[in-house]
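The file my_file-v1.txt contains compact mmCIF, C-alpha atoms and all ligand atoms:
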```
# COMPACT_ATOMS: atom_id res chain seq x y z
CA MET A 1 13.39 38.04 15.15
CA ASN A 2 17.03 38.87 15.67
CA SER A 3 16.27 42.56 16.01
CA LEU A 4 14.40 41.78 19.21
CA PRO A 5 16.16 42.86 22.43
CA LYS A 6 17.91 40.50 24.83
CA ILE A 7 16.43 40.06 28.29
CA ASN A 8 17.91 41.76 31.34
CA LEU A 9 19.82 38.93 33.04
CA GLU A 10 20.65 40.94 36.15
CA ARG A 11 16.95 41.71 36.71
CA LEU A 12 15.96 38.08 36.06
CA GLN A 13 18.53 36.82 38.55
CA ALA A 14 17.47 39.37 41.16
CA THR A 15 13.84 38.31 40.69
CA ILE A 16 14.75 34.63 41.06
CA ASP A 17 16.78 35.44 44.18
CA THR A 18 13.88 37.38 45.74
CA MET A 19 11.50 34.48 45.07
CA ALA A 20 14.08 32.05 46.47
CA GLY A 21 14.02 34.07 49.70
CA ILE A 22 10.38 33.04 50.19
CA GLY A 23 10.50 29.63 51.88
CA ALA A 24 14.31 29.76 51.88
CA LYS A 25 16.07 26.88 53.63
CA ASP A 26 19.41 27.10 55.47
CA ASN A 27 20.99 24.83 52.86
CA GLY A 28 20.25 27.28 50.01
CA GLY A 29 17.22 25.37 48.81
CA CYS A 30 13.60 26.39 48.79
CA CYS A 31 10.46 24.99 50.38
CA ARG A 32 7.19 26.45 49.08
CA ILE A 33 4.89 23.46 49.32
CA SER A 34 1.62 23.92 47.47
CA LEU A 35 -1.09 26.00 49.22
CA THR A 36 1.01 26.63 52.34
CA ASP A 37 1.68 30.13 53.72
CA GLU A 38 4.98 30.16 51.83
CA ASP A 39 3.18 29.34 48.58
CA LYS A 40 0.77 32.21 49.30
CA LEU A 41 3.65 34.63 49.85
CA GLY A 42 5.29 33.51 46.59
CA ARG A 43 2.01 33.92 44.73
CA ASP A 44 1.40 37.37 46.23
CA GLN A 45 4.89 38.47 45.20
CA PHE A 46 4.36 37.20 41.65
CA VAL A 47 1.01 39.02 41.40
CA THR A 48 2.60 42.26 42.62
CA TRP A 49 5.39 42.05 40.04
CA CYS A 50 2.92 41.28 37.24
CA ARG A 51 0.68 44.21 38.12
CA GLU A 52 3.76 46.48 38.28
CA ALA A 53 4.53 45.24 34.74
CA GLY A 54 1.10 46.40 33.59
CA CYS A 55 -0.50 42.96 33.34
CA SER A 56 -4.13 42.26 34.18
CA VAL A 57 -4.05 39.40 36.72
CA HIS A 58 -6.76 36.74 37.04
CA VAL A 59 -7.15 33.60 39.18
CA ASP A 60 -9.26 30.59 38.25
CA ALA A 61 -11.04 28.05 40.45
CA PHE A 62 -7.91 25.84 40.67
CA GLY A 63 -5.81 28.78 41.86
CA ASN A 64 -3.99 29.14 38.53
CA ILE A 65 -2.74 32.72 38.17
CA PHE A 66 -2.93 34.31 34.66
CA ALA A 67 -0.92 37.52 34.15
CA ILE A 68 -1.99 38.93 30.77
CA ARG A 69 -0.08 41.51 28.72
CA ALA A 70 -2.55 42.87 26.17
CA GLY A 71 -1.79 42.72 22.45
CA SER A 72 -3.00 45.05 19.71
CA ARG A 73 -5.76 42.62 18.75
CA LEU A 74 -8.75 43.09 21.00
CA ASP A 75 -9.89 39.49 20.78
CA SER A 76 -9.28 36.70 23.34
CA SER A 77 -6.44 35.04 21.41
CA VAL A 78 -3.35 34.68 23.58
CA VAL A 79 0.04 32.99 23.65
CA LEU A 80 0.52 31.27 27.00
CA THR A 81 3.77 30.63 28.82
CA GLY A 82 4.53 29.81 32.45
CA SER A 83 5.22 26.93 34.83
CA HIS A 84 4.91 26.56 38.64
CA LEU A 85 6.06 28.35 41.79
CA ASP A 86 5.42 25.45 44.18
CA THR A 87 8.44 23.35 45.14
CA GLN A 88 9.49 20.00 46.49
CA PRO A 89 10.17 19.85 50.26
CA ASN A 90 13.93 20.07 49.61
CA GLY A 91 13.52 21.91 46.34
CA GLY A 92 15.88 24.12 44.44
CA ARG A 93 15.23 27.70 43.33
CA LEU A 94 14.69 27.04 39.61
CA ASP A 95 12.39 24.04 39.04
CA GLY A 96 9.23 25.68 37.68
CA ILE A 97 10.15 29.06 39.13
CA TYR A 98 12.55 29.84 36.29
CA GLY A 99 9.81 29.34 33.69
CA VAL A 100 7.36 31.61 35.51
CA LEU A 101 9.87 34.39 36.21
CA ALA A 102 11.49 34.20 32.76
CA GLY A 103 7.98 34.74 31.38
CA LEU A 104 7.72 37.83 33.58
CA GLU A 105 11.16 38.95 32.36
CA VAL A 106 9.96 38.65 28.75
CA ILE A 107 7.07 40.99 29.58
CA ARG A 108 9.36 43.42 31.37
CA THR A 109 11.76 43.43 28.38
CA LEU A 110 8.94 44.02 25.88
CA ASN A 111 7.77 46.89 28.09
CA ASP A 112 11.28 48.37 28.27
CA HIS A 113 11.40 48.50 24.48
CA ASN A 114 7.74 49.47 23.92
CA ILE A 115 7.21 46.38 21.82
CA CYS A 116 3.55 45.64 21.21
CA THR A 117 2.63 42.16 20.01
CA GLU A 118 -0.42 41.42 17.93
CA ARG A 119 -1.85 38.85 20.31
CA ALA A 120 -1.73 39.02 24.08
CA ILE A 121 0.96 37.12 25.97
CA ALA A 122 0.04 35.58 29.33
CA VAL A 123 2.35 34.14 32.00
CA VAL A 124 0.73 31.44 34.13
CA ASN A 125 1.58 30.05 37.55
CA TRP A 126 -0.03 26.57 37.59
CA THR A 127 -1.20 25.31 40.97
CA ASN A 128 0.43 22.26 42.61
CA GLU A 129 2.56 21.02 39.74
CA GLU A 130 4.76 19.03 42.12
CA GLY A 131 2.07 17.07 43.92
CA ALA A 132 4.34 16.80 46.97
CA ARG A 133 1.47 17.54 49.39
CA PHE A 134 -1.73 17.03 47.37
CA SER A 135 -1.72 14.14 44.93
CA PRO A 136 -1.96 14.05 41.93
CA GLY A 137 0.53 16.60 40.71
CA LEU A 138 -0.20 18.88 37.74
CA THR A 139 -3.42 19.73 39.57
CA GLY A 140 -3.96 23.26 38.23
CA SER A 141 -2.94 22.53 34.66
CA SER A 142 -5.00 19.31 34.67
CA GLY A 143 -8.01 21.31 35.84
CA TYR A 144 -7.44 23.93 33.15
CA ALA A 145 -7.14 21.21 30.50
CA GLY A 146 -10.36 19.55 31.65
CA ASP A 147 -8.49 16.45 32.88
CA LEU A 148 -9.42 16.94 36.55
CA ASP A 149 -12.81 17.75 38.02
CA LEU A 150 -12.91 20.76 40.36
CA SER A 151 -14.96 19.00 43.04
CA PHE A 152 -12.48 16.08 42.94
CA ALA A 153 -9.57 18.49 43.35
CA ARG A 154 -11.23 20.39 46.17
CA ALA A 155 -11.74 17.11 48.05
CA ILE A 156 -8.10 15.93 47.82
CA VAL A 157 -6.74 15.38 51.34
CA ALA A 158 -3.01 15.68 52.03
CA PRO A 159 -1.13 13.36 54.42
CA ASP A 160 -1.16 16.30 56.89
CA GLY A 161 -4.99 16.11 56.82
CA ALA A 162 -5.49 19.40 54.96
CA ARG A 163 -8.12 19.53 52.19
CA PHE A 164 -7.14 21.12 48.85
CA GLY A 165 -10.30 23.24 48.59
CA ASP A 166 -9.99 24.57 52.14
CA GLU A 167 -6.31 25.46 51.71
CA LEU A 168 -6.90 27.18 48.37
CA ALA A 169 -9.62 29.32 49.98
CA ARG A 170 -7.50 29.93 53.10
CA ILE A 171 -4.63 31.43 51.09
CA GLY A 172 -7.08 33.51 49.05
CA TYR A 173 -6.55 31.90 45.64
CA ALA A 174 -9.88 30.22 44.94
CA GLY A 175 -10.72 32.35 41.93
CA THR A 176 -13.49 32.61 39.38
CA PHE A 177 -11.62 33.40 36.14
CA SER A 178 -13.19 31.39 33.33
CA ARG A 179 -10.93 29.44 30.97
CA ARG A 180 -13.33 30.54 28.21
CA ALA A 181 -12.05 34.09 28.68
CA LEU A 182 -8.90 33.12 26.80
CA ASP A 183 -8.34 31.45 23.44
CA PRO A 184 -4.77 30.10 23.70
CA ILE A 185 -3.16 29.65 20.27
CA ALA A 186 0.04 28.20 21.77
CA TYR A 187 1.72 27.30 25.05
CA VAL A 188 5.51 27.39 25.43
CA GLU A 189 7.12 26.41 28.75
CA LEU A 190 10.73 27.21 29.61
CA HIS A 191 12.23 24.86 32.22
CA ILE A 192 15.53 23.58 33.53
CA GLU A 193 16.26 20.11 32.16
CA GLN A 194 16.64 18.56 35.62
CA GLY A 195 18.84 15.89 34.05
CA PRO A 196 22.45 15.58 32.76
CA VAL A 197 21.93 15.39 29.00
CA LEU A 198 22.48 19.01 27.86
CA GLU A 199 25.55 19.29 30.07
CA GLN A 200 26.87 15.96 28.73
CA TYR A 201 26.50 17.12 25.11
CA GLU A 202 27.61 20.69 25.97
CA ARG A 203 24.42 22.19 24.55
CA THR A 204 22.78 25.37 25.80
CA ILE A 205 19.22 24.79 24.63
CA GLY A 206 17.08 21.66 24.65
CA VAL A 207 14.41 21.66 21.94
CA VAL A 208 11.95 19.40 23.72
CA GLU A 209 10.03 17.06 21.42
CA GLY A 210 8.04 15.27 24.10
CA VAL A 211 7.76 13.94 27.65
CA GLN A 212 7.91 10.35 28.92
CA GLY A 213 4.79 8.91 30.54
CA VAL A 214 4.31 9.08 34.32
CA ARG A 215 2.13 7.00 36.62
CA TRP A 216 1.70 7.30 40.38
CA TYR A 217 0.26 4.58 42.60
CA ASP A 218 -0.58 4.15 46.28
CA VAL A 219 -0.07 0.63 47.68
CA GLU A 220 -1.74 -0.23 50.99
CA LEU A 221 -0.84 -3.28 53.09
CA GLN A 222 -3.23 -4.43 55.82
CA GLY A 223 -1.78 -6.90 58.30
CA SER A 224 -2.41 -6.86 62.04
CA ASP A 225 -0.89 -5.05 65.03
CA ARG A 226 0.80 -7.47 67.43
CA HIS A 227 3.06 -7.37 70.49
CA ALA A 228 6.71 -7.13 69.40
CA GLY A 229 7.93 -9.38 72.20
CA THR A 230 5.40 -12.11 72.62
CA THR A 231 4.31 -12.76 69.02
CA PRO A 232 6.35 -15.56 67.38
CA MET A 233 7.91 -14.44 64.06
CA ALA A 234 5.95 -17.04 62.09
CA ALA A 235 2.66 -15.83 63.55
CA ARG A 236 2.97 -12.22 62.42
CA GLN A 237 1.15 -10.25 59.73
CA ASP A 238 3.89 -7.63 59.58
CA SER A 239 2.84 -5.01 57.01
CA PHE A 240 6.24 -3.32 56.97
CA MET A 241 8.20 -6.51 56.31
CA ALA A 242 5.79 -7.19 53.45
CA LEU A 243 6.38 -3.64 52.17
CA ALA A 244 10.15 -4.11 52.30
CA ARG A 245 9.99 -7.38 50.34
CA ILE A 246 7.48 -6.04 47.80
CA THR A 247 9.37 -2.83 47.01
CA GLN A 248 12.70 -4.61 46.51
CA SER A 249 11.10 -7.28 44.37
CA MET A 250 9.27 -4.64 42.27
CA ARG A 251 12.48 -2.74 41.58
CA GLN A 252 14.31 -5.90 40.57
CA GLU A 253 11.46 -6.86 38.25
CA VAL A 254 11.08 -3.49 36.47
CA LEU A 255 14.84 -3.23 35.87
CA SER A 256 14.82 -6.74 34.37
CA ILE A 257 12.10 -5.55 31.94
CA ASP A 258 13.85 -2.32 30.85
CA PRO A 259 16.86 -0.62 32.50
CA GLU A 260 15.53 2.66 31.05
CA ILE A 261 12.54 2.47 33.41
CA ARG A 262 12.21 4.98 36.27
CA PHE A 263 10.83 3.51 39.52
CA THR A 264 10.74 5.40 42.84
CA VAL A 265 9.18 4.80 46.24
CA GLY A 266 9.12 8.35 47.58
CA ARG A 267 6.71 8.16 50.49
CA VAL A 268 6.22 5.40 53.11
CA SER A 269 3.83 5.29 56.06
CA VAL A 270 3.99 2.65 58.82
CA LYS A 271 1.28 2.45 61.51
CA PRO A 272 0.83 2.63 64.41
CA GLY A 273 4.48 3.72 64.35
CA SER A 274 5.44 2.38 67.77
CA PRO A 275 8.80 0.59 68.26
CA ASN A 276 7.24 -2.30 70.18
CA THR A 277 4.15 -2.98 68.05
CA VAL A 278 4.40 -5.11 64.92
CA PRO A 279 2.92 -2.68 62.36
CA GLY A 280 -0.48 -3.78 61.11
CA PHE A 281 -0.76 -1.13 58.38
CA SER A 282 1.76 0.25 55.90
CA SER A 283 1.50 2.13 52.64
CA PHE A 284 3.88 3.41 50.00
CA SER A 285 3.84 5.52 46.84
CA ILE A 286 5.19 4.49 43.44
CA ASP A 287 6.38 6.92 40.75
CA LEU A 288 6.81 4.94 37.50
CA ARG A 289 8.00 6.47 34.19
CA HIS A 290 8.74 5.32 30.67
CA GLN A 291 8.37 6.54 27.11
CA SER A 292 6.07 3.64 26.17
CA ALA A 293 2.47 3.54 27.39
CA GLY A 294 2.32 -0.13 26.45
CA LEU A 295 5.28 -0.97 28.64
CA LEU A 296 3.78 1.04 31.51
CA ASP A 297 0.59 -1.03 31.19
CA ARG A 298 2.60 -4.24 31.24
CA ILE A 299 4.67 -3.19 34.24
CA GLU A 300 1.59 -2.04 36.12
CA ASN A 301 0.19 -5.58 35.92
CA VAL A 302 3.51 -7.08 36.98
CA LEU A 303 3.70 -4.79 40.01
CA ALA A 304 0.13 -5.54 41.10
CA ALA A 305 0.80 -9.28 40.84
CA LYS A 306 4.03 -8.96 42.85
CA ALA A 307 2.26 -7.05 45.62
CA HIS A 308 -0.49 -9.65 45.82
CA VAL A 309 1.73 -12.78 45.84
CA ILE A 310 4.16 -11.49 48.47
CA GLY A 311 1.26 -10.08 50.46
CA VAL A 312 -0.31 -13.55 50.64
CA GLU A 313 3.02 -15.09 51.75
CA GLU A 314 3.25 -12.48 54.54
CA GLY A 315 -0.40 -12.81 55.55
CA VAL A 316 -1.04 -9.24 54.50
CA GLU A 317 -3.85 -7.94 52.27
CA THR A 318 -2.55 -5.57 49.57
CA THR A 319 -4.32 -3.00 47.36
CA MET A 320 -2.66 -0.99 44.60
CA ARG A 321 -4.42 2.13 43.27
CA ARG A 322 -3.44 4.47 40.41
CA THR A 323 -3.39 8.06 41.67
CA MET A 324 -2.02 9.82 38.59
CA VAL A 325 -1.64 9.02 34.88
CA VAL A 326 0.23 11.36 32.51
CA PRO A 327 0.53 9.65 29.11
CA PRO A 328 3.72 9.98 27.03
CA ILE A 329 3.43 13.27 25.12
CA GLU A 330 4.68 14.40 21.72
CA PHE A 331 4.72 18.18 21.37
CA ASP A 332 3.31 20.11 18.40
CA THR A 333 5.70 19.91 15.45
CA CYS A 334 5.18 23.56 14.49
CA ILE A 335 6.05 24.76 17.97
CA VAL A 336 9.06 22.44 18.17
CA GLU A 337 10.33 23.66 14.79
CA THR A 338 9.72 27.29 15.76
CA VAL A 339 11.84 26.83 18.89
CA ALA A 340 14.54 25.02 16.87
CA ALA A 341 14.64 27.68 14.17
CA ILE A 342 14.76 30.56 16.65
CA THR A 343 17.47 28.86 18.70
CA GLN A 344 19.54 28.35 15.59
CA SER A 345 19.00 31.95 14.42
CA VAL A 346 20.28 33.27 17.75
CA GLY A 347 23.19 30.86 17.52
CA TYR A 348 22.80 28.83 20.71
CA PRO A 349 24.07 25.22 20.46
CA ALA A 350 20.98 23.04 20.73
CA MET A 351 19.75 19.49 20.63
CA ARG A 352 16.39 17.79 20.45
CA MET A 353 15.37 15.70 23.40
CA THR A 354 12.61 14.04 25.40
CA SER A 355 11.88 15.25 28.90
CA GLY A 356 12.47 12.79 31.75
CA ALA A 357 10.54 15.10 34.09
CA MET A 358 6.83 15.76 33.83
CA HIS A 359 5.54 19.32 33.31
CA ASP A 360 2.36 21.35 33.11
CA ALA A 361 3.03 21.39 29.38
CA CYS A 362 1.93 17.72 29.38
CA ARG A 363 -1.60 18.86 30.17
CA LEU A 364 -1.51 22.06 28.10
CA SER A 365 -0.67 20.01 25.01
CA LYS A 366 -4.34 18.99 25.08
CA VAL A 367 -5.51 22.59 24.99
CA ALA A 368 -3.18 24.31 22.52
CA PRO A 369 -0.14 23.58 20.30
CA THR A 370 2.57 23.17 22.94
CA GLY A 371 6.34 23.03 23.18
CA MET A 372 9.12 23.36 25.74
CA ILE A 373 12.57 24.90 25.93
CA PHE A 374 15.23 23.44 28.25
CA VAL A 375 18.42 24.85 29.69
CA PRO A 376 21.13 22.71 31.34
CA SER A 377 21.11 21.61 35.00
CA ARG A 378 24.55 21.31 36.59
CA LEU A 379 25.30 17.60 37.12
CA GLY A 380 21.67 16.94 36.26
CA ILE A 381 20.68 17.72 39.85
CA SER A 382 17.10 18.76 40.68
CA HIS A 383 14.56 18.31 43.49
CA HIS A 384 17.58 19.17 45.63
CA GLU A 385 19.05 22.36 47.07
CA ASP A 386 22.08 22.09 44.75
CA GLU A 387 19.87 22.65 41.67
CA TRP A 388 21.76 25.23 39.58
CA THR A 389 22.01 26.59 36.04
CA ALA A 390 24.73 28.92 34.72
CA PRO A 391 23.49 32.53 34.44
CA ASP A 392 24.37 32.70 30.72
CA ASP A 393 22.22 29.61 30.17
CA LEU A 394 19.35 31.21 32.13
CA ALA A 395 19.66 34.21 29.81
CA ALA A 396 19.84 32.04 26.68
CA GLY A 397 16.65 30.21 27.59
CA ALA A 398 14.81 33.44 28.31
CA ASN A 399 16.03 34.99 25.04
CA VAL A 400 14.75 31.99 23.08
CA LEU A 401 11.47 32.19 25.00
CA LEU A 402 11.07 35.90 24.21
CA ARG A 403 11.60 35.35 20.51
CA THR A 404 9.36 32.31 20.40
CA LEU A 405 6.49 34.07 22.20
CA VAL A 406 6.73 37.16 19.99
CA SER A 407 6.95 35.02 16.87
CA LEU A 408 3.80 33.14 17.88
CA ALA A 409 1.96 36.24 19.07
CA ASP A 410 2.61 37.97 15.73
CA GLN A 411 2.15 34.88 13.59
CA SER A 412 -0.71 35.06 11.14
CA VAL A 413 -2.97 32.15 11.86
CA ASN A 414 -2.20 30.27 8.65
CA GLN A 415 1.58 30.71 8.90
CA ARG A 416 2.58 27.51 10.65
CA GLY A 417 6.02 26.81 12.00
CA ALA A 418 9.47 27.36 10.60
CA THR A 419 11.61 24.73 8.92
CA ALA A 420 14.17 23.27 11.24
CA PRO A 421 17.79 24.20 10.53
CA GLU A 422 20.08 21.44 9.35
CA ASP A 423 22.75 21.64 12.01
CA ASP A 424 20.72 20.62 15.00
CA ARG A 425 19.41 17.60 13.18
CA ASN A 426 22.87 16.03 13.04
CA VAL A 427 23.06 16.05 16.83
CA PRO A 428 21.78 12.82 18.35
CA SER A 429 18.21 13.27 19.50
CA GLN A 430 19.03 11.90 22.92
CA SER A 431 16.11 10.16 24.57
CA LEU A 432 16.67 10.52 28.31
CA GLY A 433 20.21 9.45 29.01
CA HIS A 434 20.08 10.12 32.73
O1 LIG B 501 8.01 15.07 38.97
C1 LIG B 501 8.44 15.77 38.05
O2 LIG B 501 8.93 15.27 37.05
C2 LIG B 501 8.35 17.27 38.15
O3 LIG B 501 9.62 17.80 38.40
N1 LIG B 501 7.44 17.69 39.15
MN MN B 502 8.92 21.52 37.31
MN MN B 503 9.67 19.23 40.00
```

Go ahead and render the structure in this file as structure tokens.
Amino acid sequence: MNSLPKINLERLQATIDTMAGIGAKDNGGCCRISLTDEDKLGRDQFVTWCREAGCSVHVDAFGNIFAIRAGSRLDSSVVLTGSHLDTQPNGGRLDGIYGVLAGLEVIRTLNDHNICTERAIAVVNWTNEEGARFSPGLTGSSGYAGDLDLSFARAIVAPDGARFGDELARIGYAGTFSRRALDPIAYVELHIEQGPVLEQYERTIGVVEGVQGVRWYDVELQGSDRHAGTTPMAARQDSFMALARITQSMRQEVLSIDPEIRFTVGRVSVKPGSPNTVPGFSSFSIDLRHQSAGLLDRIENVLAAKAHVIGVEEGVETTMRRTMVVPPIEFDTCIVETVAAITQSVGYPAMRMTSGAMHDACRLSKVAPTGMIFVPSRLGISHHEDEWTAPDDLAAGANVLLRTLVSLADQSVNQRGATAPEDDRNVPSQSLGH
């Protein structure tokens, strides 16, 4: 493994910078919301680069892009890597993008050195990982894993009124590539940590053992429009005041159950949205995360009860609907140990950890033995224009990815995983620590 070449950091950084120029914001961030024109331009650029690198490029019905570098074996077995090119509205230039473009850099480096792997290696751009426009997130990888029906996905309507299926066709990425064309023997995703743990422990590589569970909900509150001047306060069914009470009470409650919980209200809608009409309809999203599925179940019931009780007090009818469930995930031990062993052999300081962020790897873990590699995020900042990772750490992650992919692509089927080195076991396996 150690005789393998290092990636070309300058080329990787230039590639990341070019992609960051697509949907670039004045503040240095990036906005390539899923299935918009900017997303199309980013996809087109990725496809061009992959074809220039000699890959065969295929698109499936969810818009997932598969760039395949052939191996010496002529069967359909393949090692998958990748992540997502879509961003948050005020996104950075690395979340997801780093994993896709580091996968491309691995292919470019193997080409530079005429290295042929036994099995094919494919880099994937998964559609709509973020879910910022079309909910749920992880749309493409969920579809690939059989967790999301295509007709359901096509019918998803965004708050801007656009329909997923129409937008996918409009940007020219409604493909026909069959998932049966590939037999993935492993999936390894390289990603920025998006949290402060690696920086805190001064580690370069995160050997990711799993991901905490994520649930999204939409809460709707139906009161009644009324005149803001004539309607006595006690006679109102003010959906926004109910929303304000419910969200504060929910946060207080979840923190009293476990301070390690993650609870966010990221999107609010108030209608009719006029200053002098008491709003009859409001809605809000909930993003809830924890490592325990049991605790998530318990909290879900608590939240629903809270919404109902306060809704009754405010004369407002409330409904709470799950819109996404990603169960807590434990990655494949063999893949985790392969990443740990390779990291140790290259000499990067590493630690084992659980991901606080969700990833396409959560869905791929259903399809093939899956693992993830993290690199540090400065100050743990992500989903923000200040998202940044030191260039040497970007290179380290890509070098571990290259070695891991080649090791898996050349692995004989019955050779399973490497034993983990001692030294990284004595480092605390930090859970989330944000
Ligand atoms: O929401 C997440 O955890 C991911 O960054 N999309
Ligand atoms: Mn991501
Ligand atoms: Mn993200």

Across A:Glu209, A:Glu387, A:Asp360, A:Glu317, the smallest distance to ligand MN 502 (chain B), with only C-alpha atoms and all ligand atoms counted, is shown by A:Asp360

Can you list, as a PDB file with C-alpha atoms, in the coordinates of the input, every protein, DNA or RNA residue that comes within 6 Å of Asp60 of chain A when you count all atoms listed in the file, leaving out same-chain residues fewer than 2 positions away?
```pdb
ATOM      1  CA  PHE A  62      -7.910  25.840  40.670  1.00  0.00           C
ATOM      2  CA  GLY A  63      -5.810  28.780  41.860  1.00  0.00           C
ATOM      3  CA  ASN A  64      -3.990  29.140  38.530  1.00  0.00           C
ATOM      4  CA  GLY A 175     -10.720  32.350  41.930  1.00  0.00           C
ATOM      5  CA  THR A 176     -13.490  32.610  39.380  1.00  0.00           C
ATOM      6  CA  PHE A 177     -11.620  33.400  36.140  1.00  0.00           C
TER       7      PHE A 177
END
```

Cys55 of chain A environment, 12 Å, all atoms listed in the file, sequence neighbours closer than 3 positions dropped, as a ChimeraX atom specification: /A:46-52,58,65-71,103-104,107-108,111,120-124

Residue neighbourhood segment 276-289 of chain A, 7 Å, all atoms listed in the file, exclusion window fewer than 2 positions, as a PyMOL selection string: chain A and resi 212-228+237-240+261-274

Show me which residues are within 12 Å of ligand MN 502 (chain B) counting only C-alpha atoms and all ligand atoms, and format the list as a PyMOL selection string. chain A and resi 82-88+91-100+125-132+137-138+189-195+355-362+372+374+382-383+387

Print the selection's residues with C-alpha atoms to a file, as a tab-separated table (two decimals), in the coordinates of the input.
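Output (out13.tsv):
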```
chain	number	residue	atom	x	y	z
A	82	GLY	CA	4.53	29.81	32.45
A	83	SER	CA	5.22	26.93	34.83
A	84	HIS	CA	4.91	26.56	38.64
A	85	LEU	CA	6.06	28.35	41.79
A	86	ASP	CA	5.42	25.45	44.18
A	87	THR	CA	8.44	23.35	45.14
A	88	GLN	CA	9.49	20.00	46.49
A	91	GLY	CA	13.52	21.91	46.34
A	92	GLY	CA	15.88	24.12	44.44
A	93	ARG	CA	15.23	27.70	43.33
A	94	LEU	CA	14.69	27.04	39.61
A	95	ASP	CA	12.39	24.04	39.04
A	96	GLY	CA	9.23	25.68	37.68
A	97	ILE	CA	10.15	29.06	39.13
A	98	TYR	CA	12.55	29.84	36.29
A	99	GLY	CA	9.81	29.34	33.69
A	100	VAL	CA	7.36	31.61	35.51
A	125	ASN	CA	1.58	30.05	37.55
A	126	TRP	CA	-0.03	26.57	37.59
A	127	THR	CA	-1.20	25.31	40.97
A	128	ASN	CA	0.43	22.26	42.61
A	129	GLU	CA	2.56	21.02	39.74
A	130	GLU	CA	4.76	19.03	42.12
A	131	GLY	CA	2.07	17.07	43.92
A	132	ALA	CA	4.34	16.80	46.97
A	137	GLY	CA	0.53	16.60	40.71
A	138	LEU	CA	-0.20	18.88	37.74
A	189	GLU	CA	7.12	26.41	28.75
A	190	LEU	CA	10.73	27.21	29.61
A	191	HIS	CA	12.23	24.86	32.22
A	192	ILE	CA	15.53	23.58	33.53
A	193	GLU	CA	16.26	20.11	32.16
A	194	GLN	CA	16.64	18.56	35.62
A	195	GLY	CA	18.84	15.89	34.05
A	355	SER	CA	11.88	15.25	28.90
A	356	GLY	CA	12.47	12.79	31.75
A	357	ALA	CA	10.54	15.10	34.09
A	358	MET	CA	6.83	15.76	33.83
A	359	HIS	CA	5.54	19.32	33.31
A	360	ASP	CA	2.36	21.35	33.11
A	361	ALA	CA	3.03	21.39	29.38
A	362	CYS	CA	1.93	17.72	29.38
A	372	MET	CA	9.12	23.36	25.74
A	374	PHE	CA	15.23	23.44	28.25
A	382	SER	CA	17.10	18.76	40.68
A	383	HIS	CA	14.56	18.31	43.49
A	387	GLU	CA	19.87	22.65	41.67
```

Which is closest to Thr333 of chain A among A:Ala390, A:Glu253, A:Pro196, A:Ala186, if we use all atoms listed in the file? A:Ala186

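Using all atoms listed in the file, the shortest contact distance between Gln248 of chain A and any of A:Leu303, A:Leu182, A:Ile115, A:Ile33 is found at A:Leu303.
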
Just checking: using all atoms listed in the file, which residue out of A:Leu35, A:Ile257, A:Ala61, A:Val78 ends up closest to Leu150 of chain A? A:Ala61

In Å, rounded to a single decimal, give me how far atom CA of Gln344 of chain A is from atom CA of Gln200 of chain A. 19.5 Å

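The residue that comes closest to ligand MN 503 (chain B), out of A:Thr319, A:Thr230, A:Ser34, A:Thr370 and on the basis of all atoms listed in the file, is A:Ser34.
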
Which value, in Å to one decimal, gives the distance between atom CA of Ile171 of chain A and atom CA of Asp39 of chain A? 8.5 Å

Residue with the minimum atom-to-atom distance to ligand LIG 501 (chain B), picked from A:Ala244, A:Val211, A:Leu394, A:Leu255 with all atoms listed in the file counted, is A:Val211

Find the residues near Ala304 of chain A: any atom within 10 Å, counting all atoms listed in the file, skip ones fewer than 2 places away on the same chain, and give them as a PyMOL selection string. chain A and resi 219+246+250+299-302+306-309+318-321

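Across the structure, atom CA of Glu118 of chain A and atom CA of Ala409 of chain A are spaced 5.8 Å apart.
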
Pro391 of chain A surroundings by only C-alpha atoms, 9 Å radius, close-in-sequence under 5 positions cut, as an MDAnalysis selection string: chainID A and resid 9 13 396

Since the input lacks some atoms of segment 128-132 of chain A, please model N, CA, C and O atoms and print them as an mmCIF file, in the coordinates of the input.
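File result-v3.cif, as written:
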```cif
data_model
loop_
_atom_site.group_PDB
_atom_site.id
_atom_site.type_symbol
_atom_site.label_atom_id
_atom_site.label_comp_id
_atom_site.auth_asym_id
_atom_site.auth_seq_id
_atom_site.Cartn_x
_atom_site.Cartn_y
_atom_site.Cartn_z
ATOM 1 N N ASN A 128 0.070 23.627 42.177
ATOM 2 C CA ASN A 128 0.430 22.260 42.610
ATOM 3 C C ASN A 128 0.956 21.374 41.498
ATOM 4 O O ASN A 128 0.508 20.248 41.281
ATOM 5 N N GLU A 129 1.958 21.882 40.782
ATOM 6 C CA GLU A 129 2.560 21.020 39.740
ATOM 7 C C GLU A 129 3.223 19.822 40.413
ATOM 8 O O GLU A 129 3.144 18.689 39.959
ATOM 9 N N GLU A 130 3.915 20.073 41.530
ATOM 10 C CA GLU A 130 4.760 19.030 42.120
ATOM 11 C C GLU A 130 3.951 17.863 42.722
ATOM 12 O O GLU A 130 4.407 16.730 42.719
ATOM 13 N N GLY A 131 2.827 18.160 43.305
ATOM 14 C CA GLY A 131 2.070 17.070 43.920
ATOM 15 C C GLY A 131 2.727 16.531 45.177
ATOM 16 O O GLY A 131 2.428 15.433 45.640
ATOM 17 N N ALA A 132 3.612 17.296 45.789
ATOM 18 C CA ALA A 132 4.340 16.800 46.970
ATOM 19 C C ALA A 132 3.436 16.718 48.199
ATOM 20 O O ALA A 132 3.672 15.938 49.111
#
```
